Structure formats: C-alpha cells, structure tokens
Amino acid sequence: MRVLIVEDEPDLRDGLQRGLRGAGYAVDAVGDGHAAVGRCVHVPYDLVLLDLTLPGMDGLEVCDEIRRAEQPPLVLMLTARDAIEDRIGGLDAGADDYLVKPFDFGELLARMRALMRRETPSRPSVLASGDLTLDPATREVALAGRPVRLTAKEWSLLHYLLRHAGEVVSTEELLEHVWDDRVDPFTNTVRVQVGTLRKKIGPERIETVIGAGYRLVEAGAAPPSVSG
Ligand code: CA
C-alpha cells in the first residue's frame, strides 16, 4: 500500500509521513499540488492524503487531475475548513473521504483501513489463498486458523501478493507498490523480505519465477494432471 501525502505544512507533513511509515505504509510526501500531480503520473499510488488548501494549485484541482488516471488512487481529503459546501465541492471532484483538521492519528488510520476495504467491493474483505488469510481491516494474518505475526513490511508485501494471487509480480512492481522513495532501486530488499515472509508462511507459497518475479500460489494445490 503506497501512499502520497500532499501537505504544505512541513511539521504536519513530516509527522504524518513518520507515523504512516511506522504503521507499515510506503509513504512519499510533497508540499504542493503541482508536485502531487507530477508524481501521480509516474507512481501508481493506492491512496493520496490531500490537503485542501495548498499554494498554487488547491486540493480540489489536484483531486480533479489525479482522478483522470486510468487506475486513480483513492483520495482522502484533509481540510481545516469544515464548511459543508467545501465537502460537497470535494466530493464532486472525486474525493473518497474527508477528515477535518485537527484530527486524531488513530482516526486517520481507521479511515484509511475503511477505504482499503472499500477499494475492492467485488472481492471478499478478507483475502485468502488456500488456508492463508489476511484481513485488511484488522491486519490479522492466519495460517490454517492460527495467527501469524508479520512485520509491517512483510504484511504489506503479503497484502500485495494476495491481491495479485496467481499472477507473476515483478520486483519492480513490488518496489513501486510496497516500498517508497527511501528504497535504493538496486537493493536486494525485496528478495530479503520475500525470504523472511516465506519462513513465516511456508516457502512453497511464494514461487520464484526466474527472470520475472514472484507468484503467490496455493500451498498443496494439486499439480497439473498428467493422466491419460
Ligand atoms: Ca494547507
């Protein structure tokens, strides 16, 4: 889950970035609307935390721009103005939810989790592959009904793999969605994290596809039939 913070107030921006990284999200941050629009062209963010009042291009214009993307990010608007007409304007521009400043950090995390669940209405809210389950709302992971303790990064990695279960996911794609700007693109961090995740959920569940990436597979799935 990769998040972009768009906030011109440096203390709030830095505080949010630290807090959300601590909560396991990959988080980038910018201070103005033009930079936000530029970043969203290049990075497939899952969610944008967007301040309404920004210098130059305001939050509503930014929202309008970034929602034109083929796969637009979720937008959670942050606003000091709680006037109802602003809320309606924001909704028209395509924001998915609002939070009025000052807000409680726990409330922000709860809203983000709620949006994540809403993100895939056609799918069950609990993601599963065989007897491995992950609940985005509670962040609980279980293997055959028994809880599995994952680090924040392992959790994000598994969440992404489960959302793309059965598909080959490249290292570059994982770096884009699960890591943020701090990561060195030449690092082996993906391989290392896949390794630690394998130890916790069973090595056979994450297949290495040579030269292509990784694939989450159902453990114990029957091999292709060769009868005949
Ligand atoms: Ca502002």
# chains A, B, ... in the order shown; residues from 1 in each chain; ligands from 1

call {"tool": "residues_near_ligand", "arguments": {"ligand": "ligand 1", "cutoff": "6 Å", "atoms": "only C-alpha atoms and all ligand atoms", "output": "number ranges by chain"}}
result
A: 7-9, 51, 53-54

call {"tool": "select_by_dssp", "arguments": {"residues": "stretch 13-199 of chain A", "states": "strand (DSSP E)", "output": "MDAnalysis selection string"}}
result
chainID A and resid 26:30 47:51 74:79 97:100 127:129 132:135 140:143 146:147 168:169

call {"tool": "residues_around", "arguments": {"residues": "A:Val62", "least_positions_apart": "4", "cutoff": "8 Å", "atoms": "only C-alpha atoms", "output": "JSON, numbers by chain"}}
result
{"A": [33, 34, 36, 37, 57, 58, 66]}

call {"tool": "closest_residue", "arguments": {"among": "A:Gly19, A:Asp181, A:Asp135, A:Glu154", "to": "A:Phe105", "atoms": "only C-alpha atoms"}}
result
A:Gly19
